[in-house]
$ cat protein-v8.txt   # compact mmCIF, C-alpha atoms
# COMPACT_ATOMS: atom_id res chain seq x y z
CA MET A 17 64.51 96.41 -17.79
CA SER A 18 65.41 95.34 -14.33
CA ASP A 19 61.94 96.33 -13.16
CA ALA A 20 60.44 94.09 -15.80
CA TRP A 21 62.66 91.22 -14.69
CA ILE A 22 61.72 91.73 -11.08
CA THR A 23 58.04 91.89 -11.95
CA ALA A 24 58.36 88.80 -14.13
CA ALA A 25 60.28 86.99 -11.37
CA PHE A 26 57.58 87.88 -8.85
CA GLY A 27 54.94 86.74 -11.30
CA VAL A 28 56.66 83.41 -11.88
CA PHE A 29 57.29 83.01 -8.14
CA GLY A 30 53.65 83.86 -7.37
CA THR A 31 52.40 81.40 -9.97
CA LEU A 32 54.68 78.64 -8.67
CA ALA A 33 53.77 79.37 -5.02
CA GLY A 34 50.05 79.46 -5.87
CA GLY A 35 50.32 76.19 -7.83
CA GLY A 36 52.29 74.56 -5.00
CA LEU A 37 49.81 75.75 -2.40
CA THR A 38 46.91 74.51 -4.52
CA ALA A 39 48.61 71.11 -4.95
CA PHE A 40 49.32 70.91 -1.20
CA VAL A 41 45.70 71.72 -0.32
CA SER A 42 44.43 69.24 -2.91
CA VAL A 43 46.64 66.46 -1.52
CA ARG A 44 45.52 67.23 2.07
CA GLN A 45 41.89 67.26 1.01
CA ALA A 46 42.27 63.94 -0.84
CA ARG A 47 43.93 62.37 2.22
CA HIS A 48 41.17 63.69 4.44
CA GLN A 49 38.52 62.27 2.10
CA GLN A 50 40.30 58.92 2.09
CA GLU A 51 40.51 58.87 5.92
CA VAL A 52 36.83 59.71 6.22
CA GLN A 53 35.95 56.97 3.76
CA GLU A 54 38.11 54.44 5.66
CA ARG A 55 36.52 55.39 9.00
CA THR A 56 33.06 55.02 7.46
CA GLN A 57 33.94 51.56 6.15
CA ILE A 58 35.35 50.53 9.53
CA ARG A 59 32.19 51.76 11.30
CA ALA A 60 30.03 49.86 8.81
CA LEU A 61 32.01 46.65 9.39
CA GLY A 62 31.87 47.20 13.14
CA SER A 63 28.13 47.74 12.98
CA GLU A 64 27.63 44.55 10.94
CA HIS A 65 29.75 42.60 13.42
CA HIS A 66 27.80 44.11 16.30
CA GLN A 67 24.48 43.16 14.65
CA ARG A 68 25.66 39.58 14.09
CA ARG A 69 26.75 39.38 17.72
CA LEU A 70 23.39 40.68 18.93
CA GLU A 71 21.66 38.07 16.76
CA ARG A 72 23.84 35.27 18.19
CA ARG A 73 23.08 36.47 21.70
CA ARG A 74 19.35 36.68 21.03
CA ASP A 75 19.39 33.12 19.68
CA ALA A 76 21.33 31.90 22.72
CA TYR A 77 18.97 33.69 25.14
CA VAL A 78 15.85 32.32 23.42
CA THR A 79 17.27 28.78 23.37
CA TYR A 80 18.06 29.09 27.06
CA LEU A 81 14.58 30.37 27.91
CA VAL A 82 12.97 27.53 25.94
CA ALA A 83 15.08 24.96 27.84
CA ALA A 84 14.29 26.68 31.16
CA ASN A 85 10.60 26.59 30.30
CA GLU A 86 10.84 22.84 29.60
CA ALA A 87 12.55 22.29 32.97
CA ARG A 88 9.90 24.37 34.73
CA ARG A 89 7.16 22.42 32.95
CA ALA A 90 8.71 19.13 34.11
CA PHE A 91 8.83 20.48 37.67
CA VAL A 92 5.21 21.70 37.56
CA THR A 93 4.13 18.32 36.19
CA LEU A 94 5.90 16.55 39.05
CA ARG A 95 4.27 18.90 41.53
CA GLY A 96 0.85 18.22 39.97
CA VAL A 97 1.33 14.47 40.18
CA LEU A 98 2.30 14.75 43.86
CA GLN A 99 -0.70 16.97 44.59
CA ALA A 100 -3.13 14.45 43.13
CA GLU A 101 -5.16 12.48 45.62
CA ARG A 102 -4.25 9.22 43.95
CA SER A 103 -1.16 9.17 41.83
CA ASP A 104 -0.16 6.31 39.64
CA GLU A 105 3.31 5.05 40.57
CA ALA A 106 4.37 4.80 36.92
CA LEU A 107 3.21 8.38 36.28
CA LEU A 108 5.06 9.60 39.37
CA ARG A 109 8.21 7.72 38.38
CA ALA A 110 8.04 9.22 34.86
CA ALA A 111 7.61 12.73 36.33
CA ILE A 112 10.52 12.22 38.71
CA ASP A 113 12.74 10.96 35.87
CA ALA A 114 11.71 13.74 33.46
CA PHE A 115 12.80 16.59 35.71
CA PRO A 116 16.55 15.77 35.92
CA GLN A 117 16.59 15.18 32.17
CA ALA A 118 15.07 18.61 31.60
CA VAL A 119 17.63 20.22 33.91
CA GLN A 120 20.45 18.40 32.10
CA SER A 121 19.19 19.74 28.76
CA LEU A 122 19.20 23.25 30.25
CA ARG A 123 22.93 23.19 30.97
CA PRO A 124 24.31 23.40 27.39
CA SER A 125 22.16 26.43 26.58
CA SER A 126 23.16 27.97 29.90
CA MET A 127 26.82 27.55 28.99
CA THR A 128 26.21 29.14 25.58
CA VAL A 129 24.67 32.19 27.28
CA MET A 130 27.70 32.41 29.56
CA LEU A 131 30.04 32.32 26.56
CA GLU A 132 28.09 35.02 24.72
CA ASP A 133 28.48 37.44 27.63
CA PRO A 134 28.05 40.16 28.95
CA ALA A 135 28.65 39.28 32.58
CA ARG A 136 25.30 40.55 33.89
CA VAL A 137 23.41 38.19 31.56
CA ALA A 138 25.75 35.29 32.27
CA ASP A 139 25.33 35.84 36.02
CA ALA A 140 21.54 35.97 35.68
CA ALA A 141 21.57 32.72 33.68
CA ARG A 142 23.85 31.11 36.26
CA SER A 143 21.47 32.12 39.08
CA PHE A 144 18.40 30.95 37.13
CA THR A 145 20.04 27.58 36.40
CA GLN A 146 21.12 27.27 40.03
CA VAL A 147 17.47 27.40 41.16
CA PHE A 148 16.77 24.34 38.98
CA VAL A 149 19.84 22.58 40.38
CA GLN A 150 18.62 23.27 43.93
CA ILE A 151 15.25 21.72 43.05
CA TRP A 152 17.03 18.70 41.63
CA LYS A 153 18.63 18.06 45.02
CA TYR A 154 15.29 17.40 46.67
CA VAL A 155 13.58 15.61 43.78
CA GLU A 156 14.41 12.08 44.74
CA PRO A 157 13.10 8.71 43.70
CA SER A 158 12.16 8.20 47.36
CA LEU A 159 9.18 10.50 46.69
CA ILE A 160 7.50 7.52 45.04
CA ASN A 161 7.02 5.73 48.34
CA ALA A 162 7.09 8.86 50.50
CA ASP A 163 4.57 9.38 53.22
CA THR A 164 2.17 12.32 53.29
CA SER A 165 4.48 14.54 55.36
CA ALA A 166 7.39 14.08 52.93
CA ARG A 167 5.14 14.92 50.01
CA GLU A 168 3.77 17.97 51.84
CA GLU A 169 7.33 19.12 52.53
CA PHE A 170 8.12 18.76 48.85
CA LEU A 171 4.99 20.69 47.87
CA HIS A 172 5.85 23.47 50.34
CA ARG A 173 9.34 23.73 48.84
CA ALA A 174 7.83 23.61 45.36
CA THR A 175 5.76 26.73 46.03
CA GLU A 176 8.84 28.60 47.27
CA THR A 177 10.81 27.31 44.31
CA LEU A 178 8.27 28.51 41.77
CA THR A 179 8.53 31.97 43.31
CA ALA A 180 12.34 31.82 43.10
CA LEU A 181 12.11 30.61 39.48
CA ALA A 182 9.83 33.49 38.52
CA LYS A 183 12.18 36.02 40.13
CA ALA A 184 15.29 34.50 38.51
CA GLU A 185 13.54 34.42 35.14
CA ARG A 186 12.55 38.10 35.41
CA THR A 187 16.13 39.00 36.30
CA PHE A 188 17.50 37.05 33.34
CA ILE A 189 14.99 38.53 30.89
CA ALA A 190 15.67 42.08 32.09
CA ALA A 191 19.43 41.58 31.70
CA ALA A 192 19.02 40.02 28.25
CA GLN A 193 16.66 42.76 27.09
CA SER A 194 19.09 45.46 28.18
CA VAL A 195 21.71 43.92 25.90
CA LEU A 196 19.35 43.26 22.99
CA ASP A 197 17.72 46.71 23.15
CA ASP A 198 20.95 48.25 21.91
CA ASP A 199 20.24 49.78 18.49
CA GLY A 200 23.48 48.42 17.07
CA THR A 201 24.93 51.75 16.02
CA ALA A 202 27.80 51.64 18.47
CA PRO A 203 29.09 48.86 20.70
CA GLY A 204 28.74 49.87 24.32
CA PRO A 205 31.06 48.94 27.16
CA GLY A 206 31.12 45.21 27.82
CA VAL A 207 29.04 44.43 24.75
$ encode --input "protein-v8.txt" --output "structure tokens"
Amino acid sequence: MSDAWITAAFGVFGTLAGGGLTAFVSVRQARHQQEVQERTQIRALGSEHHQRRLERRRDAYVTYLVAANEARRAFVTLRGVLQAERSDEALLRAAIDAFPQAVQSLRPSSMTVMLEDPARVADAARSFTQVFVQIWKYVEPSLINADTSAREEFLHRATETLTALAKAERTFIAAAQSVLDDDGTAPGPGV
């Protein structure tokens, strides 16, 4: 009978150990499933946030480029009026007044780009805006009554400035595109 008790005891012990081990594995597997599910949800939320941020940035960059285009257009108009053989004083005055207003309207969108980051895009926007500010310094009301040499000096600077504007714009667009080309699956460093 003692052999039967020993065999029964081992049977009961084996059943209990097997049930305990099965329960332990089931609990571990359930926890693992829950952790995987939580990580997936966190990634999904992070991806949605990242997409929204990319959309905000794209909107800020487009708004900035539109404002920069308006400022460039005002500058090109002024240059055209000064290049004309005979320029109407009222037309010249309007062109001179329009440029600073266009540059002023560029500043809020420039600040928005700087707030949206990353630094390389903010720096490119700052440099692009600075070219317009430099132009502003030599667009003066005195151009209305300026002699031919003063107008020629302005026109010479205008040509150099248009080259600087084109370069600054290309730099800004390249920086913005590098941020916006991210596929949104994982935030990169500084994004």
$ closest_residue --input "protein-v8.txt" --among "A:His48, A:Arg109, A:Arg72, A:Arg186" --to "A:Ser143" --atoms "all atoms listed in the file"
A:Arg186
$ closest_residue --input "protein-v8.txt" --among "A:Leu98, A:Ala135, A:Ala84, A:Leu70" --to "A:Ala166" --atoms "all atoms listed in the file"
A:Leu98
$ atom_distance --input "protein-v8.txt" --atom1 "atom CA of A:Ala191" --atom2 "atom CA of A:Arg68"
18.8 Å
$ residues_around --input "protein-v8.txt" --residues "A:Trp152" --least-positions-apart "2" --cutoff "10 Å" --atoms "all atoms listed in the file" --output "list in words"
Phe91, Ile112, Phe115, Pro116, Val119, Gln146, Val147, Phe148, Val149, Gln150, Tyr154, Val155 and Glu156 of chain A
$ atom_distance --input "protein-v8.txt" --atom1 "atom CA of A:Ala182" --atom2 "atom CA of A:Ala87"
12.8 Å
$ decode --input "protein-v8.txt" --residues "stretch 160-179 of chain A" --atoms "N, CA, C and O atoms" --output "short mmCIF file (atom, residue, chain, number, x, y, z; two decimals), in the first residue's frame"
data_model
loop_
_atom_site.label_atom_id
_atom_site.label_comp_id
_atom_site.auth_asym_id
_atom_site.auth_seq_id
_atom_site.Cartn_x
_atom_site.Cartn_y
_atom_site.Cartn_z
N ILE A 160 12.84 108.29 -54.64
CA ILE A 160 11.87 109.00 -55.47
C ILE A 160 12.55 110.13 -56.23
O ILE A 160 12.35 110.30 -57.43
N ASN A 161 13.36 110.89 -55.53
CA ASN A 161 14.02 112.03 -56.15
C ASN A 161 15.49 111.74 -56.45
O ASN A 161 16.27 112.66 -56.69
N ALA A 162 15.87 110.48 -56.43
CA ALA A 162 17.28 110.12 -56.59
C ALA A 162 17.75 110.39 -58.02
O ALA A 162 16.99 110.30 -58.98
N ASP A 163 19.03 110.68 -58.10
CA ASP A 163 19.61 110.88 -59.43
C ASP A 163 19.88 109.52 -60.07
O ASP A 163 19.69 108.47 -59.47
N THR A 164 20.34 109.55 -61.29
CA THR A 164 20.56 108.33 -62.06
C THR A 164 21.58 107.41 -61.38
O THR A 164 21.38 106.19 -61.34
N SER A 165 22.63 107.96 -60.81
CA SER A 165 23.66 107.11 -60.19
C SER A 165 23.11 106.38 -58.96
O SER A 165 23.45 105.22 -58.73
N ALA A 166 22.26 107.05 -58.19
CA ALA A 166 21.68 106.40 -57.01
C ALA A 166 20.74 105.27 -57.44
O ALA A 166 20.72 104.20 -56.84
N ARG A 167 19.99 105.52 -58.50
CA ARG A 167 19.09 104.48 -59.00
C ARG A 167 19.90 103.31 -59.57
O ARG A 167 19.55 102.15 -59.37
N GLU A 168 20.98 103.61 -60.27
CA GLU A 168 21.83 102.54 -60.82
C GLU A 168 22.46 101.72 -59.69
O GLU A 168 22.57 100.50 -59.82
N GLU A 169 22.85 102.40 -58.63
CA GLU A 169 23.41 101.68 -57.47
C GLU A 169 22.35 100.74 -56.88
O GLU A 169 22.63 99.60 -56.55
N PHE A 170 21.14 101.25 -56.76
CA PHE A 170 20.05 100.41 -56.26
C PHE A 170 19.83 99.21 -57.17
O PHE A 170 19.68 98.08 -56.71
N LEU A 171 19.80 99.44 -58.47
CA LEU A 171 19.55 98.36 -59.42
C LEU A 171 20.68 97.33 -59.39
O LEU A 171 20.44 96.13 -59.53
N HIS A 172 21.92 97.79 -59.19
CA HIS A 172 23.04 96.86 -59.08
C HIS A 172 22.87 95.99 -57.83
O HIS A 172 23.02 94.77 -57.89
N ARG A 173 22.53 96.62 -56.72
CA ARG A 173 22.27 95.87 -55.49
C ARG A 173 21.08 94.93 -55.64
O ARG A 173 21.07 93.83 -55.10
N ALA A 174 20.09 95.37 -56.39
CA ALA A 174 18.89 94.56 -56.59
C ALA A 174 19.23 93.25 -57.29
O ALA A 174 18.71 92.19 -56.93
N THR A 175 20.11 93.31 -58.28
CA THR A 175 20.51 92.09 -58.98
C THR A 175 21.21 91.14 -58.03
O THR A 175 20.91 89.93 -58.01
N GLU A 176 22.13 91.65 -57.23
CA GLU A 176 22.82 90.81 -56.23
C GLU A 176 21.82 90.25 -55.22
O GLU A 176 21.93 89.08 -54.82
N THR A 177 20.88 91.08 -54.84
CA THR A 177 19.89 90.67 -53.85
C THR A 177 18.99 89.55 -54.37
O THR A 177 18.69 88.61 -53.65
N LEU A 178 18.59 89.65 -55.61
CA LEU A 178 17.76 88.59 -56.20
C LEU A 178 18.50 87.26 -56.21
O LEU A 178 17.91 86.21 -55.97
N THR A 179 19.80 87.31 -56.46
CA THR A 179 20.62 86.09 -56.41
C THR A 179 20.66 85.55 -54.99
O THR A 179 20.50 84.34 -54.77
#
